[in-house]
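Novice: Structure below; questions to follow.
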Amino acid sequence: YQRRVRVLFMVAPLAYSFPLSIIPLAAYMFTYLDQGERYGRPSKLVRGLPLFDWFKSYFSLKLLTTVPIDPTKQYLFAIQPHGILPLGGVINFISDVNDVAKKIPVQVRGLAASATFYVPIYRDVLLGGGVVDASRYNARRVIEGGLSLWLVPGGSREALYSTPQSDTFGVEMP
């Protein structure tokens with residue numbers, strides 16, 4: 001089912017330029033359907049994109065650590081708030097703009113909702129930053145593989161409460 005939805009997301013926008021897009025589409029389709037979101041594909045090329053420097057200066061992004069991070073341990077980093085798009089936290093972890101490798105000297109994978117991996121180029125940026133699908137099995141695979149994990153709790157449900165000049169946070173325990 002997921003592969004059919006992915007193909008729809010990939011093909012629908014290109015239908016109007018079909019003759020011109022068939023070769024790039026065919027070349028990209030292999031990486032788009034490879035299920036890379038199960039393991040992530042960290043890439044130095046993606047982590048060093050100049051776009052992240054622009055985000056850093058525009059949003060005044062900073063990464064502060066309050067305690068030293070032991071490189072021999074595993075960690076779970078929770079970024080708050082989620083909001084509509086959790087750009088600040090995500091950019092800090094998927095790029096090198098704030099020297100995350102020096103401040104957090106452990107290998108980290110992030111978790112993102114399945115729907116984010118349907119959007120073609122955004123998907124590759126997330127994969128290049130080491131993000132994996134937020135399923136229970138992928139999170140378990142990351143943890144059992146000895147890697148640390150970052151996530152942004154709340155998701156789309158919390159985003160519905162996002163309003164300017166307001167901080168709303170809800171915790172629900174089963």
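Following the order of the structure tokens, first chain is A, next is B, and so on, with residues numbered from 1 inside each chain and ligands from 1 in the order they appear.
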Env of Leu147 in chain A: 10 Å cut, atoms = only C-alpha atoms, seq-sep filter 2 positions within chain, self excluded. Answer as a PyMOL selection string.

Specialist: chain A and resi 73-76+106-109+139+141-145+149

Novice: Running DSSP on the backbone, which parts of range 36-114 of chain A land in helix (DSSP H, G or I), as a ChimeraX atom specification?

Specialist: /A:36-38,44-47,50-59,87-94,100-103,114

Novice: Please produce a file of those selected residues containing N, CA, C and O atoms, as a short mmCIF file (atom, residue, chain, number, x, y, z; two decimals), in the first residue's frame.

Specialist:
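Output saved as out_5.cif:
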data_model
loop_
_atom_site.label_atom_id
_atom_site.label_comp_id
_atom_site.auth_asym_id
_atom_site.auth_seq_id
_atom_site.Cartn_x
_atom_site.Cartn_y
_atom_site.Cartn_z
N GLY A 36 14.52 3.44 2.48
CA GLY A 36 15.63 4.00 3.24
C GLY A 36 15.21 4.56 4.58
O GLY A 36 16.03 4.69 5.48
N GLU A 37 13.93 4.88 4.73
CA GLU A 37 13.45 5.43 6.00
C GLU A 37 13.47 4.41 7.13
O GLU A 37 13.26 4.75 8.28
N ARG A 38 13.76 3.18 6.82
CA ARG A 38 13.87 2.17 7.87
C ARG A 38 15.22 2.26 8.59
O ARG A 38 15.32 1.89 9.75
N LYS A 44 27.18 13.37 4.56
CA LYS A 44 27.91 14.62 4.84
C LYS A 44 27.51 15.71 3.86
O LYS A 44 27.49 16.89 4.21
N LEU A 45 27.17 15.32 2.65
CA LEU A 45 26.73 16.30 1.64
C LEU A 45 25.46 17.00 2.10
O LEU A 45 25.36 18.23 2.06
N VAL A 46 24.48 16.24 2.57
CA VAL A 46 23.22 16.84 3.02
C VAL A 46 23.45 17.64 4.29
O VAL A 46 22.94 18.75 4.45
N ARG A 47 24.22 17.11 5.23
CA ARG A 47 24.45 17.80 6.50
C ARG A 47 25.15 19.14 6.31
O ARG A 47 25.03 20.02 7.16
N PRO A 50 24.21 24.52 2.21
CA PRO A 50 24.19 25.94 2.55
C PRO A 50 22.81 26.43 3.00
O PRO A 50 22.71 27.41 3.72
N LEU A 51 21.76 25.75 2.60
CA LEU A 51 20.42 26.11 3.02
C LEU A 51 20.30 26.13 4.54
O LEU A 51 19.62 26.99 5.12
N PHE A 52 20.99 25.23 5.22
CA PHE A 52 20.93 25.18 6.68
C PHE A 52 21.59 26.41 7.31
O PHE A 52 21.16 26.87 8.37
N ASP A 53 22.64 26.94 6.69
CA ASP A 53 23.25 28.17 7.19
C ASP A 53 22.26 29.33 7.12
O ASP A 53 22.21 30.18 8.01
N TRP A 54 21.48 29.37 6.04
CA TRP A 54 20.48 30.42 5.91
C TRP A 54 19.43 30.28 7.01
O TRP A 54 19.04 31.26 7.64
N PHE A 55 18.96 29.04 7.26
CA PHE A 55 18.00 28.81 8.33
C PHE A 55 18.56 29.25 9.67
O PHE A 55 17.86 29.85 10.48
N LYS A 56 19.83 28.95 9.90
CA LYS A 56 20.46 29.30 11.17
C LYS A 56 20.45 30.81 11.38
O LYS A 56 20.11 31.30 12.45
N SER A 57 20.82 31.55 10.35
CA SER A 57 20.86 33.00 10.50
C SER A 57 19.45 33.60 10.55
O SER A 57 19.18 34.52 11.31
N TYR A 58 18.52 33.09 9.77
CA TYR A 58 17.17 33.64 9.73
C TYR A 58 16.42 33.40 11.04
O TYR A 58 15.76 34.28 11.56
N PHE A 59 16.53 32.18 11.58
CA PHE A 59 15.81 31.84 12.80
C PHE A 59 16.65 32.00 14.06
O PHE A 59 16.18 31.70 15.15
N LEU A 87 11.15 23.10 12.93
CA LEU A 87 12.37 23.36 12.16
C LEU A 87 13.61 23.55 13.02
O LEU A 87 14.67 23.04 12.68
N GLY A 88 13.52 24.29 14.10
CA GLY A 88 14.71 24.59 14.90
C GLY A 88 15.43 23.35 15.38
O GLY A 88 16.62 23.15 15.15
N GLY A 89 14.71 22.49 16.06
CA GLY A 89 15.31 21.27 16.58
C GLY A 89 15.78 20.33 15.49
O GLY A 89 16.86 19.75 15.56
N VAL A 90 14.97 20.20 14.46
CA VAL A 90 15.31 19.28 13.38
C VAL A 90 16.57 19.75 12.66
O VAL A 90 17.49 18.96 12.41
N ILE A 91 16.65 21.02 12.34
CA ILE A 91 17.84 21.53 11.63
C ILE A 91 19.08 21.40 12.49
O ILE A 91 20.16 21.10 11.99
N ASN A 92 18.95 21.58 13.79
CA ASN A 92 20.12 21.39 14.66
C ASN A 92 20.63 19.97 14.60
O ASN A 92 21.84 19.74 14.65
N PHE A 93 19.74 18.99 14.48
CA PHE A 93 20.19 17.60 14.49
C PHE A 93 20.52 17.03 13.12
O PHE A 93 21.32 16.12 13.01
N ILE A 94 19.92 17.53 12.04
CA ILE A 94 20.20 16.95 10.72
C ILE A 94 21.29 17.69 9.96
O ILE A 94 21.65 17.30 8.86
N VAL A 100 26.88 20.18 15.97
CA VAL A 100 26.21 19.16 16.78
C VAL A 100 27.13 17.97 17.05
O VAL A 100 27.07 17.38 18.13
N ALA A 101 28.00 17.63 16.13
CA ALA A 101 28.90 16.49 16.33
C ALA A 101 29.88 16.74 17.47
O ALA A 101 30.29 15.80 18.15
N LYS A 102 30.26 17.98 17.69
CA LYS A 102 31.17 18.30 18.80
C LYS A 102 30.42 18.40 20.12
O LYS A 102 30.90 17.97 21.16
N LYS A 103 29.22 18.98 20.08
CA LYS A 103 28.46 19.17 21.31
C LYS A 103 27.76 17.89 21.76
O LYS A 103 27.55 17.69 22.96
N SER A 114 5.57 9.02 9.15
CA SER A 114 5.64 8.33 7.85
C SER A 114 5.32 9.25 6.69
O SER A 114 5.92 9.15 5.62
#

Novice: Work out how far CA of Gln35 in chain A is from CA of Trp150 in chain A, in Å to one decimal.

Specialist: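 A separation of 20.1 Å between them.
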
Novice: What's the separation between CA of Lys62 in chain A and CA of Arg136 in chain A, in Å to one decimal place?

Specialist: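 Straight-line distance from CA of Lys62 in chain A to CA of Arg136 in chain A works out to 29.8 Å.
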
Novice: Go through A:Asp124, A:Tyr39, A:Ile69, A:Asn98 one by one, measure the shortest atom-to-atom distance of each to Leu111 in chain A using only C-alpha atoms, and give the residue with the smallest value.

Specialist: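 Distance minimum relative to Leu111 in chain A lands on A:Tyr39.
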
Novice: List every residue of range 4-157 of chain A that DSSP, applied to the backbone, labels as strand (DSSP E), and write the result as an MDAnalysis selection string.

Specialist: chainID A and resid 76:78 108:112 131:133 148:151

Novice: Using only C-alpha atoms for the distances, tell me which of A:Ile79, A:Pro120, A:Arg140, A:Asp70 is nearest to Met29 in chain A.

Specialist: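 Answer, going by the shortest atom-to-atom distance: A:Pro120.
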
Novice: For CA of Pro153 in chain A and CA of Gln80 in chain A, quote the distance in Å rounded to one decimal.

Specialist: 7.0 Å
